[in-house]
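Comments concern the structure below.
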Amino acid sequence: MDVGIVSYGAYLPRYRIAPQEIGRVWGSDGEAMSRNLLIFSKSVPSPDEDVITISIEAARNMMRRCDVDPRDIGAIYVGSESHPYAVKPTGTVVAEAIEASPNLTVADYEFACKAGTAAIQTCMGLVGSGMVRYGVAIGADTSQGAPGDALEYSASAGGAAYLIGAEKVVARINRTCSFTTDTPDFWRREGQCYPSHGGRFTGEPAYFKHIMTAAKNLLDAMGTKPSDYQHAVFHQPNGKFPVRVAKQLGFSEKQIEAGLLTPFIGNTYSGAVPLGLASVLDIAKPGDRIFAVAYGSGAGSDAFDITVTDEILNLRRDAAPSVKDLVEKKKFLDYATYAKYRGKIRMKGGAE
Amino acid sequence: MTVARFWRENEPRYNLTGAKCGNCGRLYFPPRTVCPVCHRKSIGKMEPFKLKGTGEVLTFSVVHDAPSQFELQKPYVIAIIQMDECIRVTGQIIDCEPSEVTVGMKVQAVIRKLGEEGPSGIIHYGYKFMPVIAPSAPEAPAP
């Protein structure tokens with residue numbers, strides 16, 4: 001049975017802030033931060049957006065592109081590290097809002113930036129085993145960065161949703177494999193507003209080791225080489241890491257171009273690889289082979305080998321905004337408005 | 001508002017589900033259990049009816065003196081939307097500047113946070129309206 005992507009949808013908030021504006025407020029060289037991180041702007045959620053609204057909009061865009069009856073969806077998993085509730089699943093609201101309730105299973109996932117791809121793997125298992133006809137996997141975040149911290153220059157918001165099934169598959173997932181260790185590169189303790197990180201420790205022993213190993217394991221398992229793929233998507237905490245890891249693995253800049261969004265929208269955490277993959281699917285042709293590797297701090301990587309099928313031509317890709325449409329729909333904020341929108345200003349009374 | 005009271009109205013708020021009178025065919029939003037025109041003839045005949053979510057701005061007002069829950073969003077726009085099904089719905093216009101809103105502007109429903117019962121209370125979600133974005137065609141699909 002071929003299991004894969006039946007439809008997909010993306011969502012990005014329209015607000016942006018530039019690193020130069022963040023640096024201006026904190027007395028840092030925002031221009032240098034922008035250059036070093038290769039981030040020109042990052043997305044910012046408006047005060048009435050959170051992971052639930054982003055997940056729903058992405059899932060609705062996914063449903064607009066296909067003719068699947070939402071009542072045939074047997075599972076919804078939402079991966080995020082910024083679920084609005086500590087206890088009450090994001091997926092329950094998503095299920096109700098896409099009319100998939102009530103005969104399905106729902107759960108929220110958390111694995112730093114790779115919870116969305118972990119959700120895709122779970123749905124693959126459920127569909128492949130015949131337990132459900134369709135599963136929905138969503139990766140979305142409104143990620144947090146402490147004021148003045150290096151993370152503030154990259155932590156952004158957005159998400160993408162995938163309908164996983166075995167009928168009318170537009171992109172077959174040939175294989176997936178994961179690599180997971182106990183690596184404390186980035187964490188957030190219960191009740192804390194902002195995460196902590198190990199600075200440079202987040203690089204070699206964390207991001208690069210996990211992505212490289214998962215990628216090599218998948219290439220070995222498939223018997224493929226980087227040149228066999230038209231597109232590659234790597235987790236993108238900044239604009240530089242994915243370019244470097246691609247080069248180390250033997251992928252060209254052209255192969256990662258379509259899925260590299262962080263320079264324009266920042267690091268959308270659980271949304272990063274799902275959005276990059278959606279951006280690739282927006283332009284993919286039948287027969288295209290896609291290599292995707294997500295990374296989540298803590299730490300682990302999920303790697304995917306995907307082949308686009310002829311069915312992509314029957315998917316109504318123009319029934320929902322493309323990732324490019326969403327990236328280009330933007331309004332820049334000054335730091336004061338950004339701080340107000342992100343709840344960084346202590347308010348009196350009802351407005352939080 | 002109590003948790004249960006809001007919860008009862010989740011369906012119309014999430015999915016713009018109104019009601020259609022099985023006797024005269026009139027549409028209502030929010031949904032009604034009895035048609036105010038057909039009265040007892042409509043009892044048991046009111047069917048759920050989902051609005052498409054698209055419409056145009058009939059009239060609007062810019063709110064500068066906001067209730068506390070909307071303090072972060074002011075100035076914001078509240079409008080009456082003439083839905084494509086000829087039903088009128090009141091809602092907030094988002095994702096554009098108040099100066100960009102015009103009578104006749106095409107809008108589509110999206111879901112956003114409507115408010116919350118304080119920092120530890122339930123979060124309310126529901127429809128708001130944003131200007132229609134025309135999706136671009138995918139680039140050069142292969143033959």
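Ordering of the structure tokens sets the chain letters (A, B, ...); residue numbers start at 1 within each chain; ligands are numbered from 1 in the order shown.
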
Practice task
Skip Leu27 in chain B itself and residues of its chain fewer than 3 positions away, then list as a PyMOL selection string all residues within 12 Å of it, counting only C-alpha atoms.
Solution key: chain B and resi 17-24+30-37+46-51+83-88

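For Ala155 in chain A, the set of protein, DNA and RNA residues having any atom at most 8 Å away, when counting only C-alpha atoms and skipping those fewer than 6 positions along the same chain, is Lys42, Thr142, Ser143, Gln144, Gly145, Gly266, Asn267, Thr268 and Tyr269 of chain A.
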
Dump as CSV the rows for residues of chain A within 8 Å of chain B: closest atom pair and distance in Å with one decimal, only C-alpha atoms counted, ordered by chain and rising residue number.
```
residue,atom,partner,partner_atom,distance
A:Arg14,CA,B:Asp95,CA,7.2
A:Pro47,CA,B:Leu72,CA,6.8
A:Asp48,CA,B:Lys113,CA,4.7
A:Glu49,CA,B:Arg112,CA,5.8
A:Asp50,CA,B:Lys113,CA,7.7
A:Thr53,CA,B:Arg112,CA,5.5
A:Ile56,CA,B:Ile111,CA,7.4
A:Glu57,CA,B:Ile111,CA,7.1
A:Glu96,CA,B:Tyr14,CA,7.6
A:Ala97,CA,B:Tyr14,CA,5.4
A:Ile98,CA,B:Asn15,CA,7.9
A:Asp282,CA,B:Pro138,CA,6.1
A:Ile283,CA,B:Glu139,CA,5.6
A:Ala284,CA,B:Pro141,CA,7.6
A:Lys285,CA,B:Ala142,CA,5.7
A:Pro286,CA,B:Ala142,CA,7.2
A:Leu313,CA,B:Pro141,CA,7.4
A:Arg317,CA,B:Pro138,CA,6.7
A:Asp318,CA,B:Ala137,CA,5.3
A:Ala319,CA,B:Pro135,CA,6.9
A:Ala320,CA,B:Pro135,CA,5.9
A:Pro321,CA,B:Pro135,CA,4.4
A:Ser322,CA,B:Pro135,CA,6.6
A:Asp325,CA,B:Pro135,CA,6.8
A:Lys340,CA,B:Leu72,CA,6.9
A:Tyr341,CA,B:Leu72,CA,6.8
A:Gly349,CA,B:Ser68,CA,7.4
A:Gly350,CA,B:Ser68,CA,5.3
A:Ala351,CA,B:Gln69,CA,5.0
A:Glu352,CA,B:Pro119,CA,7.1
```

Can you spit out the residues from that selection as a PDB file, in the first residue's frame, using N, CA and C atoms?
```
ATOM      1  N   ARG A  14       0.619  37.655   8.956  1.00  0.00           N
ATOM      2  CA  ARG A  14       1.112  38.643   7.981  1.00  0.00           C
ATOM      3  C   ARG A  14       2.137  39.605   8.560  1.00  0.00           C
ATOM      4  N   PRO A  47      -2.273  39.600  17.931  1.00  0.00           N
ATOM      5  CA  PRO A  47      -2.723  39.228  19.281  1.00  0.00           C
ATOM      6  C   PRO A  47      -3.856  38.193  19.292  1.00  0.00           C
ATOM      7  N   ASP A  48      -4.587  38.086  18.174  1.00  0.00           N
ATOM      8  CA  ASP A  48      -5.698  37.123  18.158  1.00  0.00           C
ATOM      9  C   ASP A  48      -5.323  35.835  17.417  1.00  0.00           C
ATOM     10  N   GLU A  49      -4.015  35.600  17.217  1.00  0.00           N
ATOM     11  CA  GLU A  49      -3.575  34.352  16.589  1.00  0.00           C
ATOM     12  C   GLU A  49      -2.788  33.515  17.587  1.00  0.00           C
ATOM     13  N   ASP A  50      -2.956  32.214  17.516  1.00  0.00           N
ATOM     14  CA  ASP A  50      -2.152  31.295  18.311  1.00  0.00           C
ATOM     15  C   ASP A  50      -2.039  29.989  17.521  1.00  0.00           C
ATOM     16  N   THR A  53      -5.408  28.752  16.020  1.00  0.00           N
ATOM     17  CA  THR A  53      -5.921  29.436  14.816  1.00  0.00           C
ATOM     18  C   THR A  53      -5.039  29.150  13.606  1.00  0.00           C
ATOM     19  N   ILE A  56      -5.786  25.609  12.394  1.00  0.00           N
ATOM     20  CA  ILE A  56      -7.081  25.523  11.709  1.00  0.00           C
ATOM     21  C   ILE A  56      -6.984  26.115  10.303  1.00  0.00           C
ATOM     22  N   GLU A  57      -6.355  27.274  10.176  1.00  0.00           N
ATOM     23  CA  GLU A  57      -6.252  27.893   8.852  1.00  0.00           C
ATOM     24  C   GLU A  57      -5.458  27.002   7.894  1.00  0.00           C
ATOM     25  N   GLU A  96     -13.020  20.069  15.358  1.00  0.00           N
ATOM     26  CA  GLU A  96     -14.359  20.670  15.309  1.00  0.00           C
ATOM     27  C   GLU A  96     -14.441  21.695  14.167  1.00  0.00           C
ATOM     28  N   ALA A  97     -13.367  22.450  13.994  1.00  0.00           N
ATOM     29  CA  ALA A  97     -13.384  23.532  13.003  1.00  0.00           C
ATOM     30  C   ALA A  97     -13.255  23.041  11.571  1.00  0.00           C
ATOM     31  N   ILE A  98     -12.784  21.807  11.367  1.00  0.00           N
ATOM     32  CA  ILE A  98     -12.783  21.274   9.986  1.00  0.00           C
ATOM     33  C   ILE A  98     -13.848  20.194   9.842  1.00  0.00           C
ATOM     34  N   ASP A 282       4.148  23.175  -3.721  1.00  0.00           N
ATOM     35  CA  ASP A 282       3.492  24.215  -4.528  1.00  0.00           C
ATOM     36  C   ASP A 282       3.998  24.227  -5.963  1.00  0.00           C
ATOM     37  N   ILE A 283       5.260  23.824  -6.155  1.00  0.00           N
ATOM     38  CA  ILE A 283       5.846  23.905  -7.501  1.00  0.00           C
ATOM     39  C   ILE A 283       6.249  22.534  -8.051  1.00  0.00           C
ATOM     40  N   ALA A 284       6.003  21.470  -7.265  1.00  0.00           N
ATOM     41  CA  ALA A 284       6.519  20.146  -7.643  1.00  0.00           C
ATOM     42  C   ALA A 284       5.806  19.581  -8.877  1.00  0.00           C
ATOM     43  N   LYS A 285       6.556  18.800  -9.623  1.00  0.00           N
ATOM     44  CA  LYS A 285       6.028  18.142 -10.824  1.00  0.00           C
ATOM     45  C   LYS A 285       6.000  16.625 -10.591  1.00  0.00           C
ATOM     46  N   PRO A 286       5.132  15.911 -11.327  1.00  0.00           N
ATOM     47  CA  PRO A 286       5.112  14.454 -11.170  1.00  0.00           C
ATOM     48  C   PRO A 286       6.503  13.864 -11.382  1.00  0.00           C
ATOM     49  N   LEU A 313      -1.269  16.653 -10.281  1.00  0.00           N
ATOM     50  CA  LEU A 313      -1.904  17.487 -11.309  1.00  0.00           C
ATOM     51  C   LEU A 313      -3.410  17.607 -11.085  1.00  0.00           C
ATOM     52  N   ARG A 317      -4.297  22.876  -6.386  1.00  0.00           N
ATOM     53  CA  ARG A 317      -3.305  23.659  -5.645  1.00  0.00           C
ATOM     54  C   ARG A 317      -3.687  25.129  -5.565  1.00  0.00           C
ATOM     55  N   ASP A 318      -4.417  25.625  -6.592  1.00  0.00           N
ATOM     56  CA  ASP A 318      -4.770  27.051  -6.584  1.00  0.00           C
ATOM     57  C   ASP A 318      -6.022  27.354  -5.766  1.00  0.00           C
ATOM     58  N   ALA A 319      -6.575  26.338  -5.063  1.00  0.00           N
ATOM     59  CA  ALA A 319      -7.768  26.578  -4.231  1.00  0.00           C
ATOM     60  C   ALA A 319      -7.402  27.196  -2.886  1.00  0.00           C
ATOM     61  N   ALA A 320      -6.124  27.279  -2.588  1.00  0.00           N
ATOM     62  CA  ALA A 320      -5.667  27.878  -1.322  1.00  0.00           C
ATOM     63  C   ALA A 320      -4.389  28.649  -1.614  1.00  0.00           C
ATOM     64  N   PRO A 321      -4.057  29.613  -0.765  1.00  0.00           N
ATOM     65  CA  PRO A 321      -2.850  30.406  -1.034  1.00  0.00           C
ATOM     66  C   PRO A 321      -1.593  29.539  -1.004  1.00  0.00           C
ATOM     67  N   SER A 322      -0.670  29.808  -1.924  1.00  0.00           N
ATOM     68  CA  SER A 322       0.616  29.110  -1.908  1.00  0.00           C
ATOM     69  C   SER A 322       1.462  29.696  -0.778  1.00  0.00           C
ATOM     70  N   ASP A 325       2.551  33.079  -1.732  1.00  0.00           N
ATOM     71  CA  ASP A 325       1.522  34.106  -1.494  1.00  0.00           C
ATOM     72  C   ASP A 325       1.576  34.574  -0.047  1.00  0.00           C
ATOM     73  N   LYS A 340       4.129  44.625  22.123  1.00  0.00           N
ATOM     74  CA  LYS A 340       2.721  44.647  22.561  1.00  0.00           C
ATOM     75  C   LYS A 340       2.006  43.393  22.071  1.00  0.00           C
ATOM     76  N   TYR A 341       2.185  43.054  20.812  1.00  0.00           N
ATOM     77  CA  TYR A 341       1.499  41.899  20.237  1.00  0.00           C
ATOM     78  C   TYR A 341       1.964  40.580  20.849  1.00  0.00           C
ATOM     79  N   GLY A 349      -5.216  44.814  34.208  1.00  0.00           N
ATOM     80  CA  GLY A 349      -6.592  44.391  33.934  1.00  0.00           C
ATOM     81  C   GLY A 349      -6.696  43.289  32.905  1.00  0.00           C
ATOM     82  N   GLY A 350      -7.721  43.414  32.036  1.00  0.00           N
ATOM     83  CA  GLY A 350      -8.130  42.298  31.193  1.00  0.00           C
ATOM     84  C   GLY A 350      -7.248  41.967  30.004  1.00  0.00           C
ATOM     85  N   ALA A 351      -6.512  42.951  29.465  1.00  0.00           N
ATOM     86  CA  ALA A 351      -5.756  42.655  28.249  1.00  0.00           C
ATOM     87  C   ALA A 351      -4.441  41.992  28.591  1.00  0.00           C
ATOM     88  N   GLU A 352      -4.281  40.729  28.157  1.00  0.00           N
ATOM     89  CA  GLU A 352      -3.010  40.048  28.412  1.00  0.00           C
ATOM     90  C   GLU A 352      -2.223  39.995  27.126  1.00  0.00           C
TER      91      GLU A 352
END
```

Would you list the contacts of Met62 in chain A as a short mmCIF file (atom, residue, chain, number, x, y, z; two decimals) with N, CA and C atoms, in the first residue's frame, taking every protein, DNA or RNA residue within 8 Å and counting only C-alpha atoms, but skipping same-chain residues closer than 4 positions in sequence?
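Contents of result05.cif, as written:
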```cif
data_model
loop_
_atom_site.label_atom_id
_atom_site.label_comp_id
_atom_site.auth_asym_id
_atom_site.auth_seq_id
_atom_site.Cartn_x
_atom_site.Cartn_y
_atom_site.Cartn_z
N SER A 7 -3.14 15.71 0.56
CA SER A 7 -3.31 17.15 0.38
C SER A 7 -2.48 17.87 1.43
N TYR A 8 -2.33 19.16 1.26
CA TYR A 8 -1.53 19.94 2.22
C TYR A 8 -2.03 21.37 2.23
N GLY A 9 -1.74 22.09 3.29
CA GLY A 9 -2.12 23.50 3.38
C GLY A 9 -1.18 24.22 4.32
N ALA A 10 -1.01 25.50 4.08
CA ALA A 10 -0.07 26.28 4.90
C ALA A 10 -0.73 27.54 5.43
N ALA A 58 -4.36 26.40 8.40
CA ALA A 58 -3.57 25.50 7.55
C ALA A 58 -4.41 24.28 7.16
N CYS A 66 -8.74 19.42 -1.79
CA CYS A 66 -9.12 18.05 -2.13
C CYS A 66 -10.62 17.84 -1.88
N ALA A 161 -0.30 21.90 7.35
CA ALA A 161 -1.08 20.70 7.66
C ALA A 161 -0.99 19.71 6.51
N TYR A 162 -0.94 18.43 6.85
CA TYR A 162 -0.83 17.37 5.84
C TYR A 162 -1.92 16.34 6.04
N LEU A 163 -2.60 16.02 4.95
CA LEU A 163 -3.58 14.94 4.97
C LEU A 163 -2.86 13.69 4.49
N ALA A 320 -6.12 27.28 -2.59
CA ALA A 320 -5.67 27.88 -1.32
C ALA A 320 -4.39 28.65 -1.61
#
```

With DSSP run on the backbone, what are the strand (DSSP E or B) residues within range 16-135 of chain B? I'd like them as an mmCIF file with N, CA and C atoms, in the first residue's frame.
```
data_model
loop_
_atom_site.group_PDB
_atom_site.id
_atom_site.type_symbol
_atom_site.label_atom_id
_atom_site.label_comp_id
_atom_site.auth_asym_id
_atom_site.auth_seq_id
_atom_site.Cartn_x
_atom_site.Cartn_y
_atom_site.Cartn_z
ATOM 1 N N THR B 17 -22.287 27.972 10.844
ATOM 2 C CA THR B 17 -23.435 27.117 10.583
ATOM 3 C C THR B 17 -24.703 27.812 11.086
ATOM 4 N N GLY B 18 -25.587 28.112 10.142
ATOM 5 C CA GLY B 18 -26.860 28.740 10.482
ATOM 6 C C GLY B 18 -27.978 27.711 10.392
ATOM 7 N N ALA B 19 -29.187 28.202 10.145
ATOM 8 C CA ALA B 19 -30.330 27.293 10.025
ATOM 9 C C ALA B 19 -31.184 27.688 8.821
ATOM 10 N N LYS B 20 -31.764 26.665 8.205
ATOM 11 C CA LYS B 20 -32.664 26.904 7.075
ATOM 12 C C LYS B 20 -34.048 26.390 7.446
ATOM 13 N N CYS B 21 -35.056 27.230 7.242
ATOM 14 C CA CYS B 21 -36.417 26.805 7.558
ATOM 15 C C CYS B 21 -36.898 25.822 6.480
ATOM 16 N N LEU B 27 -33.119 31.579 5.446
ATOM 17 C CA LEU B 27 -31.884 31.234 6.153
ATOM 18 C C LEU B 27 -31.711 32.154 7.353
ATOM 19 N N TYR B 28 -31.139 31.606 8.419
ATOM 20 C CA TYR B 28 -30.901 32.403 9.633
ATOM 21 C C TYR B 28 -29.501 32.150 10.163
ATOM 22 N N MET B 46 -36.334 22.901 11.051
ATOM 23 C CA MET B 46 -35.167 23.785 10.907
ATOM 24 C C MET B 46 -33.919 22.915 10.712
ATOM 25 N N GLU B 47 -33.252 23.092 9.562
ATOM 26 C CA GLU B 47 -32.080 22.276 9.224
ATOM 27 C C GLU B 47 -30.810 23.111 9.327
ATOM 28 N N PRO B 48 -29.689 22.487 9.744
ATOM 29 C CA PRO B 48 -28.419 23.227 9.744
ATOM 30 C C PRO B 48 -28.045 23.639 8.320
ATOM 31 N N PHE B 49 -27.477 24.816 8.183
ATOM 32 C CA PHE B 49 -27.080 25.317 6.867
ATOM 33 C C PHE B 49 -25.752 26.042 7.015
ATOM 34 N N LYS B 50 -24.731 25.557 6.300
ATOM 35 C CA LYS B 50 -23.404 26.143 6.457
ATOM 36 C C LYS B 50 -23.174 27.252 5.431
ATOM 37 N N THR B 54 -17.941 33.654 2.523
ATOM 38 C CA THR B 54 -17.526 34.816 1.736
ATOM 39 C C THR B 54 -18.674 35.822 1.630
ATOM 40 N N GLY B 55 -18.302 37.088 1.513
ATOM 41 C CA GLY B 55 -19.307 38.129 1.413
ATOM 42 C C GLY B 55 -18.644 39.460 1.165
ATOM 43 N N GLU B 56 -19.408 40.553 1.373
ATOM 44 C CA GLU B 56 -18.791 41.875 1.200
ATOM 45 C C GLU B 56 -19.242 42.810 2.314
ATOM 46 N N VAL B 57 -18.405 43.819 2.536
ATOM 47 C CA VAL B 57 -18.679 44.755 3.625
ATOM 48 C C VAL B 57 -19.878 45.621 3.255
ATOM 49 N N LEU B 58 -20.902 45.603 4.124
ATOM 50 C CA LEU B 58 -22.097 46.408 3.884
ATOM 51 C C LEU B 58 -21.924 47.774 4.541
ATOM 52 N N THR B 59 -21.410 47.756 5.758
ATOM 53 C CA THR B 59 -21.082 48.998 6.461
ATOM 54 C C THR B 59 -20.119 48.658 7.587
ATOM 55 N N PHE B 60 -19.403 49.663 8.081
ATOM 56 C CA PHE B 60 -18.414 49.359 9.117
ATOM 57 C C PHE B 60 -18.154 50.563 10.012
ATOM 58 N N SER B 61 -17.505 50.283 11.120
ATOM 59 C CA SER B 61 -17.167 51.339 12.069
ATOM 60 C C SER B 61 -15.775 51.054 12.622
ATOM 61 N N VAL B 62 -14.985 52.100 12.823
ATOM 62 C CA VAL B 62 -13.648 51.928 13.401
ATOM 63 C C VAL B 62 -13.746 52.187 14.906
ATOM 64 N N VAL B 63 -13.324 51.200 15.688
ATOM 65 C CA VAL B 63 -13.435 51.308 17.141
ATOM 66 C C VAL B 63 -12.106 51.813 17.707
ATOM 67 N N TYR B 76 -9.609 49.057 15.678
ATOM 68 C CA TYR B 76 -9.983 47.910 14.852
ATOM 69 C C TYR B 76 -11.348 48.157 14.222
ATOM 70 N N VAL B 77 -11.689 47.326 13.258
ATOM 71 C CA VAL B 77 -12.894 47.562 12.468
ATOM 72 C C VAL B 77 -13.948 46.501 12.778
ATOM 73 N N ILE B 78 -15.158 46.965 13.073
ATOM 74 C CA ILE B 78 -16.311 46.065 13.191
ATOM 75 C C ILE B 78 -17.221 46.364 11.992
ATOM 76 N N ALA B 79 -17.658 45.313 11.316
ATOM 77 C CA ALA B 79 -18.447 45.533 10.100
ATOM 78 C C ALA B 79 -19.672 44.635 10.070
ATOM 79 N N ILE B 80 -20.642 45.066 9.291
ATOM 80 C CA ILE B 80 -21.743 44.162 8.939
ATOM 81 C C ILE B 80 -21.403 43.628 7.552
ATOM 82 N N ILE B 81 -21.361 42.304 7.471
ATOM 83 C CA ILE B 81 -20.993 41.650 6.216
ATOM 84 C C ILE B 81 -22.252 41.091 5.557
ATOM 85 N N GLN B 82 -22.432 41.452 4.310
ATOM 86 C CA GLN B 82 -23.506 40.840 3.520
ATOM 87 C C GLN B 82 -22.929 39.551 2.952
ATOM 88 N N MET B 83 -23.348 38.419 3.523
ATOM 89 C CA MET B 83 -22.794 37.139 3.062
ATOM 90 C C MET B 83 -23.356 36.804 1.680
ATOM 91 N N ARG B 88 -26.878 38.697 6.819
ATOM 92 C CA ARG B 88 -25.960 39.698 7.337
ATOM 93 C C ARG B 88 -25.351 39.213 8.657
ATOM 94 N N VAL B 89 -24.040 39.330 8.733
ATOM 95 C CA VAL B 89 -23.301 38.856 9.912
ATOM 96 C C VAL B 89 -22.401 39.979 10.396
ATOM 97 N N THR B 90 -22.373 40.205 11.689
ATOM 98 C CA THR B 90 -21.472 41.220 12.253
ATOM 99 C C THR B 90 -20.161 40.558 12.646
ATOM 100 N N GLY B 91 -19.062 41.198 12.277
ATOM 101 C CA GLY B 91 -17.770 40.618 12.648
ATOM 102 C C GLY B 91 -16.653 41.628 12.534
ATOM 103 N N GLN B 92 -15.504 41.254 13.096
ATOM 104 C CA GLN B 92 -14.327 42.119 13.042
ATOM 105 C C GLN B 92 -13.612 41.915 11.704
ATOM 106 N N ILE B 93 -13.099 42.997 11.130
ATOM 107 C CA ILE B 93 -12.278 42.902 9.915
ATOM 108 C C ILE B 93 -10.815 42.927 10.368
ATOM 109 N N LYS B 106 -14.600 42.778 -0.710
ATOM 110 C CA LYS B 106 -14.831 41.331 -0.601
ATOM 111 C C LYS B 106 -14.036 40.768 0.577
ATOM 112 N N VAL B 107 -14.703 39.986 1.387
ATOM 113 C CA VAL B 107 -14.041 39.413 2.566
ATOM 114 C C VAL B 107 -14.345 37.920 2.671
ATOM 115 N N GLN B 108 -13.501 37.235 3.429
ATOM 116 C CA GLN B 108 -13.748 35.816 3.702
ATOM 117 C C GLN B 108 -13.554 35.555 5.185
ATOM 118 N N ALA B 109 -14.280 34.581 5.696
ATOM 119 C CA ALA B 109 -14.222 34.277 7.120
ATOM 120 C C ALA B 109 -12.957 33.489 7.439
ATOM 121 N N VAL B 110 -12.349 33.809 8.564
ATOM 122 C CA VAL B 110 -11.218 33.041 9.091
ATOM 123 C C VAL B 110 -11.481 32.834 10.575
ATOM 124 N N ILE B 111 -10.701 31.967 11.183
ATOM 125 C CA ILE B 111 -10.903 31.751 12.615
ATOM 126 C C ILE B 111 -9.803 32.466 13.392
ATOM 127 N N ARG B 112 -10.186 33.132 14.456
ATOM 128 C CA ARG B 112 -9.235 33.839 15.321
ATOM 129 C C ARG B 112 -9.708 33.740 16.767
ATOM 130 N N LYS B 113 -8.845 34.165 17.668
ATOM 131 C CA LYS B 113 -9.248 34.238 19.075
ATOM 132 C C LYS B 113 -10.221 35.401 19.227
ATOM 133 N N LEU B 114 -11.344 35.144 19.884
ATOM 134 C CA LEU B 114 -12.301 36.221 20.147
ATOM 135 C C LEU B 114 -12.043 36.843 21.508
ATOM 136 N N GLY B 115 -11.476 36.058 22.402
ATOM 137 C CA GLY B 115 -11.216 36.563 23.745
ATOM 138 C C GLY B 115 -10.872 35.400 24.650
ATOM 139 N N GLU B 116 -10.604 35.699 25.896
ATOM 140 C CA GLU B 116 -10.318 34.629 26.845
ATOM 141 C C GLU B 116 -10.771 35.040 28.229
ATOM 142 N N ILE B 123 -10.226 29.818 26.377
ATOM 143 C CA ILE B 123 -9.997 30.736 25.253
ATOM 144 C C ILE B 123 -11.151 30.557 24.268
ATOM 145 N N HIS B 124 -11.722 31.669 23.836
ATOM 146 C CA HIS B 124 -12.838 31.599 22.892
ATOM 147 C C HIS B 124 -12.339 31.840 21.471
ATOM 148 N N TYR B 125 -12.769 30.974 20.548
ATOM 149 C CA TYR B 125 -12.398 31.115 19.140
ATOM 150 C C TYR B 125 -13.656 31.318 18.300
ATOM 151 N N GLY B 126 -13.501 31.989 17.185
ATOM 152 C CA GLY B 126 -14.651 32.178 16.313
ATOM 153 C C GLY B 126 -14.268 32.927 15.058
ATOM 154 N N TYR B 127 -15.276 33.252 14.248
ATOM 155 C CA TYR B 127 -15.016 33.864 12.943
ATOM 156 C C TYR B 127 -14.699 35.352 13.046
ATOM 157 N N LYS B 128 -13.793 35.761 12.180
ATOM 158 C CA LYS B 128 -13.562 37.166 11.862
ATOM 159 C C LYS B 128 -13.444 37.195 10.346
ATOM 160 N N PHE B 129 -13.300 38.368 9.787
ATOM 161 C CA PHE B 129 -13.241 38.456 8.321
ATOM 162 C C PHE B 129 -11.977 39.164 7.864
ATOM 163 N N MET B 130 -11.376 38.628 6.796
ATOM 164 C CA MET B 130 -10.206 39.279 6.214
ATOM 165 C C MET B 130 -10.443 39.505 4.730
ATOM 166 N N PRO B 131 -9.747 40.486 4.157
ATOM 167 C CA PRO B 131 -9.912 40.698 2.712
ATOM 168 C C PRO B 131 -9.577 39.421 1.946
#
```

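CA of Thr337 in chain A to CA of Leu260 in chain A spans 27.3 Å [interatomic distance, one decimal].
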
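Closest approach to Ile312 in chain A among A:Thr262, A:Arg172, A:Ser28, A:Gly125: A:Arg172, based on only C-alpha atoms.
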
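Our summary of the geometry notes that CA of Asp108 in chain A is positioned 10.6 Å from CA of Ser82 in chain A.
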
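Of the residues listed (A:Gly148, A:Gly116, A:Gly296, A:Gly191), A:Gly148 shows the shortest atom-to-atom separation from Val25 in chain A; distances use only C-alpha atoms.
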
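You will find CA of Trp187 in chain A at 10.1 Å from CA of Phe111 in chain A.
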
Handout entry: Which of range 168-342 of chain A DSSP labels alpha helix (DSSP H), written as number ranges by chain
Key = A: 209-222, 240-249, 253-257, 262-265, 272-283, 323-328, 335-341
